[in-house]
Amino acid sequence: MATSFDLSKFKGIIPAFYACYEEDGQISQERTYTLCDYYLQKQVQGVYVGGSSGECIYHNIEERKDVLTFVANRLKGKMTLIAHVGAPSTRDSILLAEHAASLGYDALSAIPPIYFTLPDHAVSSYWNDIIDATPLPFLIYNIPQTTGYTLRTPFYKELLKNEKVIGVKNSSMPTFDIERFKRTGGQNSIVFNGPDEQFVAGRIMGADGGIGGTYGAMPELFLMADQYILQGKFTEARELQSDINEIIVALCSLDGSMYAGIKEVLRRRGVNIGGVRLPLAGITEQDTARIDEIISLLQQAESRFISERIS
Ligand SMILES: CC(=O)N[C@H](C=O)[C@@H](O)[C@H](O)[C@H](O)CO
Ligand SMILES: CC(=O)C(=O)O
């Protein structure tokens, strides 16, 4: 079960990379570079490209390959790059996996098959077929609330028999699952916390780091929360998590999708990566005032927890 990959790069704060669009809704190379530069400047550990937050479900394969290419062009060798290659068919997932491997990504990851409910043996074949297609290590993506599929510990143990499986990004809500997955995989495996609302709890229960959809709106806050955990400052970590959660709850209360809200926050802070792709809803006129409030919540949390000034 022990993997021989160097796991030291799979930890810390790894934002889930957002889809970057032109004004007409096409994937934007230039804006993808803008977002890459932003993350480089924030000194995050890495990026998780083409997942839920990357709106992969609304992109065709060529668009997904383009996003993987643009990010690698800008960030290869500068931070950890994880490619999400989950797609409705095994065939398309393999095409994406091969593409990511040719670009030098550090790891692959995929959700389980969606739409049809498949038995574990078919899920296992799906993941293992992707894994077999390239030499890269693989991170399982467990996200029952969107896929309808729940990864169980005994099945996870089976999957770990493939030494290229290095761990799991766990987005189920119980932090108990994080503890179980970490215990099952042992020290020579990785667990990433999924739900940003309980990043601190996930870390305490054994997650090595987090991959999150809201990190991009507030990377400094998550980096600081991770620092607090590393320093054993649990009271500070909990208080910061609570401030973070006020921001996440506000982002999730917009008429527009959470991603549209995050992109508006980023735009107002000088990082314009466009809107969201339909059917995700864009922000509405009423959302404008709510976004003012979100910006002020961000500023309050930043001035409370981060010493250096953030624009
Ligand atoms: C269901 C879902 O998309 N979960 C993401 C990944 O785990 C999270 O990062 C959320 O975006 C975040 O926790 C906000 O709810
Ligand atoms: C949040 C996350 O991991 C994703 O967007 O895939």
# chains A, B, ... in the order shown; residues from 1 in each chain; ligands from 1
call {"tool": "residues_near_ligand", "arguments": {"ligand": "ligand 1", "cutoff": "8 Å", "atoms": "only C-alpha atoms and all ligand atoms", "output": "PyMOL selection string"}}
result
chain A and resi 16+52-53+143+145-146+169-172+193-198+211-215+248+252+258
call {"tool": "write_last_selection", "arguments": {"atoms": "C-alpha atoms", "output": "PDB file, in the first residue's frame"}}
result
ATOM      1  CA  ALA A  16      -9.373  25.103  -6.971  1.00  0.00           C
ATOM      2  CA  SER A  52     -15.892  21.840  -9.855  1.00  0.00           C
ATOM      3  CA  SER A  53     -14.697  25.415  -9.439  1.00  0.00           C
ATOM      4  CA  ILE A 143     -17.696  14.656  -3.384  1.00  0.00           C
ATOM      5  CA  GLN A 145     -23.139  15.975  -2.612  1.00  0.00           C
ATOM      6  CA  THR A 146     -22.588  16.612  -6.322  1.00  0.00           C
ATOM      7  CA  LYS A 169      -9.522  14.955  -1.675  1.00  0.00           C
ATOM      8  CA  ASN A 170     -12.507  14.602   0.590  1.00  0.00           C
ATOM      9  CA  SER A 171     -15.463  16.933   0.205  1.00  0.00           C
ATOM     10  CA  SER A 172     -18.010  14.973   2.233  1.00  0.00           C
ATOM     11  CA  ASN A 193      -9.959  18.754   3.192  1.00  0.00           C
ATOM     12  CA  GLY A 194     -12.790  19.673   0.805  1.00  0.00           C
ATOM     13  CA  PRO A 195     -15.400  21.756   2.635  1.00  0.00           C
ATOM     14  CA  ASP A 196     -13.823  25.173   3.147  1.00  0.00           C
ATOM     15  CA  GLU A 197     -16.300  25.878   5.961  1.00  0.00           C
ATOM     16  CA  GLN A 198     -14.502  23.314   8.114  1.00  0.00           C
ATOM     17  CA  ILE A 211      -8.218  22.045  -1.880  1.00  0.00           C
ATOM     18  CA  GLY A 212     -10.999  24.582  -1.936  1.00  0.00           C
ATOM     19  CA  GLY A 213     -13.402  26.486  -4.107  1.00  0.00           C
ATOM     20  CA  THR A 214     -13.426  29.677  -2.042  1.00  0.00           C
ATOM     21  CA  TYR A 215      -9.676  29.963  -1.372  1.00  0.00           C
ATOM     22  CA  ILE A 248     -18.635  31.892   2.607  1.00  0.00           C
ATOM     23  CA  CYS A 252     -23.583  31.360  -0.976  1.00  0.00           C
ATOM     24  CA  MET A 258     -21.072  31.457  -5.572  1.00  0.00           C
TER      25      MET A 258
END
call {"tool": "residues_around", "arguments": {"residues": "stretch 218-226 of chain A", "least_positions_apart": "6", "cutoff": "7 Å", "atoms": "only C-alpha atoms", "output": "tab-separated table (two decimals) with N, CA, C and O atoms, in the first residue's frame"}}
result
chain	number	residue	atom	x	y	z
A	12	GLY	N	-0.81	21.80	2.42
A	12	GLY	CA	-1.03	23.25	2.43
A	12	GLY	C	-2.28	23.69	1.69
A	12	GLY	O	-3.26	22.95	1.56
A	13	ILE	N	-2.20	24.91	1.18
A	13	ILE	CA	-3.37	25.56	0.58
A	13	ILE	C	-3.31	25.47	-0.94
A	13	ILE	O	-2.42	26.04	-1.58
A	42	LYS	N	0.42	35.21	-4.36
A	42	LYS	CA	-0.11	34.87	-3.03
A	42	LYS	C	0.68	33.74	-2.36
A	42	LYS	O	0.45	33.43	-1.20
A	200	VAL	N	-10.38	24.12	9.20
A	200	VAL	CA	-9.63	23.98	10.45
A	200	VAL	C	-9.94	22.63	11.10
A	200	VAL	O	-9.03	21.91	11.53
A	237	ALA	N	-7.09	29.80	15.16
A	237	ALA	CA	-7.55	29.10	13.95
A	237	ALA	C	-9.08	29.05	13.92
A	237	ALA	O	-9.71	29.31	12.89
A	240	LEU	N	-10.55	32.50	13.23
A	240	LEU	CA	-10.38	32.87	11.81
A	240	LEU	C	-11.36	32.07	10.95
A	240	LEU	O	-11.99	32.61	10.04
A	302	GLU	N	-9.20	40.38	7.25
A	302	GLU	CA	-7.80	40.60	6.91
A	302	GLU	C	-7.12	41.52	7.93
A	302	GLU	O	-6.00	41.28	8.35
call {"tool": "closest_residue", "arguments": {"among": "A:Asn73, A:Asn142, A:Ser93, A:Ser102", "to": "ligand 2", "atoms": "only C-alpha atoms and all ligand atoms"}}
result
A:Asn142
call {"tool": "atom_distance", "arguments": {"atom1": "atom CA of A:Ile166", "atom2": "atom CA of A:Arg183"}}
result
13.4 Å
call {"tool": "select_by_dssp", "arguments": {"residues": "stretch 37-242 of chain A", "states": "helix (DSSP H, G or I)", "output": "PyMOL selection string"}}
result
chain A and resi 37-42+56-58+61-75+90-102+120-132+144-147+153-159+175-185+196-204+215-217+219-230+234-242
call {"tool": "closest_atom_pairs", "arguments": {"of": "stretch 37-66 of chain A", "to": "stretch 83-86 of chain A", "cutoff": "9 Å", "atoms": "only C-alpha atoms", "output": "JSON lines"}}
result
{"residue": "A:Val47", "atom": "CA", "partner": "A:Ala83", "partner_atom": "CA", "distance": 8.5}
{"residue": "A:Tyr48", "atom": "CA", "partner": "A:Ala83", "partner_atom": "CA", "distance": 6.0}
{"residue": "A:Val49", "atom": "CA", "partner": "A:Ala83", "partner_atom": "CA", "distance": 5.0}
{"residue": "A:Gly50", "atom": "CA", "partner": "A:His84", "partner_atom": "CA", "distance": 5.2}
{"residue": "A:Gly51", "atom": "CA", "partner": "A:His84", "partner_atom": "CA", "distance": 5.3}
{"residue": "A:Ser52", "atom": "CA", "partner": "A:His84", "partner_atom": "CA", "distance": 8.9}
{"residue": "A:Cys56", "atom": "CA", "partner": "A:His84", "partner_atom": "CA", "distance": 8.6}
{"residue": "A:Arg64", "atom": "CA", "partner": "A:Val85", "partner_atom": "CA", "distance": 8.6}
call {"tool": "residues_around", "arguments": {"residues": "stretch 116-123 of chain A", "least_positions_apart": "3", "cutoff": "12 Å", "atoms": "only C-alpha atoms", "output": "count of residues only"}}
result
28
call {"tool": "atom_distance", "arguments": {"atom1": "atom CA of A:Ser28", "atom2": "atom CA of A:Arg267"}}
result
14.8 Å
call {"tool": "closest_residue", "arguments": {"among": "A:Val44, A:Val71, A:Leu251, A:Met79", "to": "A:Gln29", "atoms": "only C-alpha atoms"}}
result
A:Val71
call {"tool": "select_by_dssp", "arguments": {"residues": "stretch 144-305 of chain A", "states": "strand (DSSP E or B)", "output": "PyMOL selection string"}}
result
chain A and resi 165-170+190-193+209-212
call {"tool": "atom_distance", "arguments": {"atom1": "atom CA of A:Pro135", "atom2": "atom CA of A:Gly167"}}
result
15.7 Å
call {"tool": "residues_around", "arguments": {"residues": "A:Ile295", "least_positions_apart": "2", "cutoff": "10 Å", "atoms": "only C-alpha atoms", "output": "PyMOL selection string"}}
result
chain A and resi 217+247+265-266+268-269+289-293+297-301
call {"tool": "residues_around", "arguments": {"residues": "A:Lys11", "least_positions_apart": "5", "cutoff": "8 Å", "atoms": "only C-alpha atoms", "output": "list of chain:residue names"}}
result
A:Gln45, A:Ile190, A:Phe192, A:Asp208, A:Gly209, A:Gly210
call {"tool": "closest_residue", "arguments": {"among": "A:Tyr259, A:Tyr21, A:Tyr105, A:Tyr39", "to": "ligand 2", "atoms": "only C-alpha atoms and all ligand atoms"}}
result
A:Tyr259
